[in-house]
Amino acid sequence: MESSLSDDGDISLQEQTHLLLFLNHCFNSLEVDVIRQEVQKVVSLQMWECLLPSRLEQELKTTPRLKKIWTALQKRDAKADDGTRASQRFARHFLHDLIQKFLKILDTIPVTGSADMSKVRYCERFMELMVDIQALLHTRRFFNTLLDNAHLVTHCIRSGLRQRDEGHLFDQLLDMLKFYAGFEINDLTGEAFTDHDMTNLHYNKISSLQKAAFKHFGELRRFSLSNVASVDTRDSLLKHFGSLDTEKLYEIAAYLHLVPPVGDEQQQSFSKDFLLELLISRHERRPSQLEALNEMPLYPTEEILWDENIVPTEYFSGEGCLALPKLNLQFLTLHDYLLRNFNLFRLETTYEIRQDIEDQVRRLKPWKSEDGGCYFGGWARMAQPIMGFSVVEVAKPNIGEKQPSSVRADVMVTLSVRREVKKEWEALRKHDVAFLVTVRPTRQIGTPFLLKEPFVPQAGLLYVRGCEIEGMLDTEGKVIEEGIGPPPELPGATRTWRVWLDGNQYQKDMEKVSQGGEDVYETFNILIRRKPKENNFKAVLETIRDLMNTECVVPAWLHDIILGYGDPASAHYSKMPKQVATMDWNDTFLNMEHLRSSFPHHETSSAVDESMLKPPFRLTFKEVKESKKRKAGDKTEEASARKEIFVEPHVIPNRGPYLYNQPKKNAIAFTPTQIEAIRSGMQPGLTMVVGPPGTGKTDVAVQIISNIYHNFPDQRTLIVTHSNQALNQLFEKIIALDIDERHLLRLGHGEEALETEKDFSRYGRVNYVLAKRLELLAEVARLQESLGVSGDVSYTCETAGHFFLYQVLSRWEEYLSKLKAPPGEQDAPNVALVQQMFPFSKFFENAPQPVFKGESFEEDMDIAEGCFRHLKKVFTQLEEFRAFELLRSGLDRSKYLLVKEAKIIAMTCTHAALKRRDLVQLGFKYDNILMEESAQILEIETFIPLLLQNPEDGYSHLKRWIMIGDHHQLPPVIKNMAFQKYSNMEQSLFTRFVRVGVPTVDLDAQGRARPSICNLYNWRYKKLGNLPHVTTWPEYRVANPGFCHDIQLINVDDFDGIGESAPNPYFYQVPTLLCQMQF
């Protein structure tokens, strides 16, 4: 720290720049105790010693609580020795002195002439450090006032570096610093300000200035008597204050405690322009952050696509800084959290779009023709020259907006391509995104495109605009609507698409045209499409923007943890207020011995004999504290609590005489750690399970889902995974458990890969319900026939319900009354009467015989009750299916299924991001979320599933959030190295929670690999061991055919001088290994 402030020349400016980088890493590593303790000394309240005395007095007067703390700190410092005071003074003045050093260096960079690039790099790194300090609540709490007192932003705005070409990155970093310096948050409390709060603060600031002007500065009488709205713009403030001389401006600034008082020994000399900028920037009306976001185009343009400071190349060295937000441990507010993710997601997709555009334009080979036009000498599968483009509709703006509510255009291309490629173009669907490109090449025909040279000047690329497909036009110029049948065949090769343009971008382009600029929309000559799987960015960005425009309500127990503050263990089930003491563990335990071994630190007790303790079990956890006092000086300690589990075996009610009535049971002997993960997942709160390879993450997830389903039948669980493959694996295991398949629903693509004959998609479930309805009505008809009841009672679900009420239920109640012992008699009825008087014997003739055993009254009565439960379930399901008779269309039926019928809904994180708006509009509700592969999901794609439902009375409906993953394995895939490393975009929310210190359950026994293979990676985990079968089963003990060793690395040499080649980066092909594994 002392070296970073040195001016004696022993340490070069380049070395001090690296020291700034080190300091930046420290401020971004507050999870490390040693670093956090040192940083707290630098950013504590005592740093306000560097404020102007009048400013300090004003700040303490505004917050009386701080004044008390300040007084107490002053008294404590007065008692310290000289060495301690010197050390404290250095820490408290460090950032202030660093700012002053930066301002000296900044002032040495001229507007024109040569500039020392080491000074430029120093200034850039310093601005990066300031932005990162301001972006954390703990570090900005008192520093923001110090930054404002030093007028750093104003000095930077007036600097020469900002006006130079070399200052482009510096200017972008300055914009970020201004954004965070005025961020909509209370620095002391961390409370987010609403637009209304910000408006009130602005009006109070202007009003106080007007009152001061009226009282003390007669030259500003006109300003003081004007309404706020007429004087709070930059132009109007400049009009009122611009006529004042430097001395008067200084007096005003001194009155506002912005500069030392006139005549004070600290008085400094400032230029008039500086004082004007200081006063105006402080009091001008700032546009709302949300308004600026809503006016931002979602499609990238050429200005962003090839700006290396915003979208760096793939080969980012890390030597310089970038004007990019960072995803670190903490965020200021949910708005800040969403905004950073919005910008990074937008820029990451921009990088991918840039790659696609460069690839397709190079393939088209645009050259300058002899007549000065554009000649395409190549061919591209994903790009076609535009034959005609015209804007056909510009709708009026919505009330309160400037931009058109919609802009539509027609794009015409000639598809003189192979049939399969033509089909791909004709398959462009509604809401697919395409790009309109303008190129004006300057190179002659035949000039090769060189990969090492800049792309834009080679191609002559001028403009890039995004558009959204509405549909292809037919021969009459009408949009061909998507339907069930095939689209009509169109003659010829010319095709025209109706597209939606971005209204915000169109408004900006038209403003440039009005100022004499070129009309972009008359120049497009290339249409580029992208692969559907890589082209959903617009829907995701719209979802994030929708979240920022609505009140984001996350559960109170999650809010601070998501932002990275508070007690990281506060959402653990042991600290949740509504912890459930008694729960049915269903088929989790195989036997009583398994139960005892699963809770080695608990004692078990039961009210029944040991021989009666057979699963399933209902467990009650009792915390019995034994107070033991042990003297240790004057202190007493409480001994660790003795934990007890009360075990109650319970028999699952008989479900009927058929084989399919018998419940499916778990056969996995879960380890104690897995049991703890299951217990945590069943309880309210946040559960994080770290699962190394082969430790049974999916089995744990499935058991948690099953137990929640049986304990809370009215609750709905949402399952989210990163990939369709993981979702299908999870779903296949859920199907195998004791869960009614009518309550299962799989959303999104990839359902066809499920290894089951049943269709769990929305329409597949609708068809299942309709088929099941017919099957159940057939059972009702058979029951009617067995009872000899006339009439058509099995026609609809409604008639079946009446039949149950008046014919079935009445017979059952009569049957029970007859079997009931008469008053005064103690003996139970004869066991034979149970079968003889049973009214539904004929219906159950197709069940395995004999239905009744005839051995005891209790056993036969249990069988009779099971038979009635089977009948009752038939009519209960028909009552649930009754809505499908009233809803006629498949769409309405699928919506009802999603909102009302399904209890376990599965989807990928991408599908959740794409369909959030539709799900919220449907009134989709859920109580629990389980996420598999959590460590591979982007931070924002992990957060969005929390908000797929509207809050109730301002509170979130969410009760449980179970995250299962492994942060030591693959992180989210980020193609751009700058976003991956500099912005830390590869950090998943799961990984961030682990870094923050959220409690995790670490699965510690693997059963997939041989112990020798497991030794390669088990050092990465806390205590990863092996399950017994990996050392005993023969397949783990014998050698693999064709391999000398358990572990072998295979080197694949270059072929014909060419290294690794694949369809995309990081895709490694090892044919030798594949052949060996296959044969």
# chains A, B, ... in the order shown; residues from 1 in each chain; ligands from 1

$ select_by_dssp --residues "range 756-945 of chain A" --states "strand (DSSP E)" --output "list of chain:residue names"
A:Ile904, A:Ile905, A:Ala906, A:Met907, A:Thr908, A:Asn928, A:Ile929, A:Leu930, A:Met931

$ write_last_selection --atoms "N, CA and C atoms" --output "mmCIF file, in the first residue's frame"
data_model
loop_
_atom_site.group_PDB
_atom_site.id
_atom_site.type_symbol
_atom_site.label_atom_id
_atom_site.label_comp_id
_atom_site.auth_asym_id
_atom_site.auth_seq_id
_atom_site.Cartn_x
_atom_site.Cartn_y
_atom_site.Cartn_z
ATOM 1 N N ILE A 904 -45.445 -32.283 -10.385
ATOM 2 C CA ILE A 904 -44.000 -32.275 -10.604
ATOM 3 C C ILE A 904 -43.772 -31.856 -12.046
ATOM 4 N N ILE A 905 -43.217 -30.668 -12.245
ATOM 5 C CA ILE A 905 -43.037 -30.094 -13.581
ATOM 6 C C ILE A 905 -41.541 -29.963 -13.832
ATOM 7 N N ALA A 906 -41.078 -30.482 -14.955
ATOM 8 C CA ALA A 906 -39.656 -30.479 -15.266
ATOM 9 C C ALA A 906 -39.401 -29.666 -16.531
ATOM 10 N N MET A 907 -38.309 -28.903 -16.527
ATOM 11 C CA MET A 907 -37.912 -28.123 -17.700
ATOM 12 C C MET A 907 -36.433 -27.781 -17.588
ATOM 13 N N THR A 908 -35.836 -27.369 -18.696
ATOM 14 C CA THR A 908 -34.453 -26.900 -18.659
ATOM 15 C C THR A 908 -34.436 -25.429 -18.259
ATOM 16 N N ASN A 928 -41.765 -25.538 -4.570
ATOM 17 C CA ASN A 928 -40.400 -26.020 -4.379
ATOM 18 C C ASN A 928 -39.671 -26.026 -5.717
ATOM 19 N N ILE A 929 -38.366 -25.808 -5.666
ATOM 20 C CA ILE A 929 -37.513 -25.898 -6.860
ATOM 21 C C ILE A 929 -36.366 -26.847 -6.552
ATOM 22 N N LEU A 930 -36.132 -27.773 -7.462
ATOM 23 C CA LEU A 930 -34.954 -28.628 -7.391
ATOM 24 C C LEU A 930 -34.154 -28.431 -8.676
ATOM 25 N N MET A 931 -32.880 -28.102 -8.528
ATOM 26 C CA MET A 931 -32.004 -27.863 -9.679
ATOM 27 C C MET A 931 -30.882 -28.880 -9.696
#

$ closest_residue --among "A:Leu590, A:Val228, A:Val690, A:Leu787" --to "Gln969 in chain A" --atoms "only C-alpha atoms"
A:Val690

$ select_by_dssp --residues "range 596-710 of chain A" --states "alpha helix (DSSP H)" --output "VMD selection string"
chain A and resid 596 to 598 672 to 682 697 to 710

$ write_last_selection --atoms "C-alpha atoms" --output "PDB file, in the first residue's frame"
ATOM      1  CA  ARG A 596     -29.666 -46.316  12.689  1.00  0.00           C
ATOM      2  CA  SER A 597     -26.540 -46.313  10.534  1.00  0.00           C
ATOM      3  CA  SER A 598     -27.869 -43.266   8.652  1.00  0.00           C
ATOM      4  CA  PRO A 672     -25.504 -41.146   6.067  1.00  0.00           C
ATOM      5  CA  THR A 673     -24.417 -38.108   4.028  1.00  0.00           C
ATOM      6  CA  GLN A 674     -27.043 -38.801   1.387  1.00  0.00           C
ATOM      7  CA  ILE A 675     -29.653 -39.135   4.147  1.00  0.00           C
ATOM      8  CA  GLU A 676     -28.623 -35.723   5.504  1.00  0.00           C
ATOM      9  CA  ALA A 677     -29.047 -34.264   2.008  1.00  0.00           C
ATOM     10  CA  ILE A 678     -32.510 -35.846   1.743  1.00  0.00           C
ATOM     11  CA  ARG A 679     -33.464 -34.544   5.189  1.00  0.00           C
ATOM     12  CA  SER A 680     -32.318 -31.029   4.295  1.00  0.00           C
ATOM     13  CA  GLY A 681     -34.224 -31.139   1.005  1.00  0.00           C
ATOM     14  CA  MET A 682     -37.449 -32.183   2.735  1.00  0.00           C
ATOM     15  CA  LYS A 697     -26.656 -37.026  -6.923  1.00  0.00           C
ATOM     16  CA  THR A 698     -29.572 -38.055  -9.137  1.00  0.00           C
ATOM     17  CA  ASP A 699     -30.761 -40.752  -6.715  1.00  0.00           C
ATOM     18  CA  VAL A 700     -30.742 -38.226  -3.869  1.00  0.00           C
ATOM     19  CA  ALA A 701     -32.663 -35.716  -6.000  1.00  0.00           C
ATOM     20  CA  VAL A 702     -35.299 -38.289  -6.932  1.00  0.00           C
ATOM     21  CA  GLN A 703     -35.781 -39.401  -3.319  1.00  0.00           C
ATOM     22  CA  ILE A 704     -36.196 -35.782  -2.187  1.00  0.00           C
ATOM     23  CA  ILE A 705     -38.853 -35.245  -4.849  1.00  0.00           C
ATOM     24  CA  SER A 706     -40.666 -38.424  -3.869  1.00  0.00           C
ATOM     25  CA  ASN A 707     -40.656 -37.594  -0.154  1.00  0.00           C
ATOM     26  CA  ILE A 708     -41.928 -34.059  -0.749  1.00  0.00           C
ATOM     27  CA  TYR A 709     -44.639 -35.448  -3.040  1.00  0.00           C
ATOM     28  CA  HIS A 710     -45.915 -37.824  -0.330  1.00  0.00           C
TER      29      HIS A 710
END

$ residues_around --residues "Val540 in chain A" --least-positions-apart "3" --cutoff "9 Å" --atoms "only C-alpha atoms" --output "ChimeraX atom specification"
/A:342,345,536-537,543-545,910,913-915,941

$ write_last_selection --atoms "N, CA and C atoms" --output "tab-separated table (two decimals), in the first residue's frame"
chain	number	residue	atom	x	y	z
A	342	PHE	N	-27.69	-8.92	-17.31
A	342	PHE	CA	-28.27	-8.52	-18.59
A	342	PHE	C	-27.17	-8.06	-19.55
A	345	PHE	N	-24.77	-11.08	-20.46
A	345	PHE	CA	-25.42	-12.05	-21.35
A	345	PHE	C	-25.56	-11.45	-22.74
A	536	ASN	N	-31.68	-17.91	-29.14
A	536	ASN	CA	-32.78	-17.57	-28.23
A	536	ASN	C	-32.41	-16.40	-27.31
A	537	PHE	N	-31.35	-15.67	-27.67
A	537	PHE	CA	-30.85	-14.62	-26.78
A	537	PHE	C	-31.87	-13.51	-26.58
A	543	THR	N	-36.78	-11.38	-21.06
A	543	THR	CA	-37.18	-11.90	-19.75
A	543	THR	C	-36.47	-11.15	-18.63
A	544	ILE	N	-35.16	-10.93	-18.79
A	544	ILE	CA	-34.41	-10.20	-17.76
A	544	ILE	C	-34.93	-8.77	-17.66
A	545	ARG	N	-35.22	-8.16	-18.79
A	545	ARG	CA	-35.72	-6.78	-18.77
A	545	ARG	C	-37.12	-6.73	-18.15
A	910	THR	N	-33.00	-23.07	-19.82
A	910	THR	CA	-33.23	-22.26	-21.02
A	910	THR	C	-34.71	-22.12	-21.30
A	913	ALA	N	-36.23	-19.60	-18.99
A	913	ALA	CA	-35.92	-18.22	-19.36
A	913	ALA	C	-36.74	-17.78	-20.56
A	914	LEU	N	-36.95	-18.69	-21.51
A	914	LEU	CA	-37.69	-18.34	-22.72
A	914	LEU	C	-39.18	-18.16	-22.46
A	915	LYS	N	-39.74	-18.96	-21.58
A	915	LYS	CA	-41.20	-19.01	-21.41
A	915	LYS	C	-41.68	-18.34	-20.11
A	941	GLU	N	-29.53	-17.68	-15.40
A	941	GLU	CA	-30.43	-18.76	-15.74
A	941	GLU	C	-30.77	-19.61	-14.50

$ residues_around --residues "Pro487 in chain A" --least-positions-apart "2" --cutoff "12 Å" --atoms "only C-alpha atoms" --output "VMD selection string"
chain A and resid 423 426 to 429 471 to 474 479 to 485 489 to 490

$ closest_residue --among "A:Gly83, A:Leu73, A:Val43, A:Leu745" --to "Thr145 in chain A" --atoms "only C-alpha atoms"
A:Val43

$ atom_distance --atom1 "CA of Met198 in chain A" --atom2 "CA of Glu184 in chain A"
7.0 Å

$ closest_residue --among "A:Leu659, A:Lys895, A:Ser723, A:Thr62" --to "Tyr763 in chain A" --atoms "only C-alpha atoms"
A:Lys895
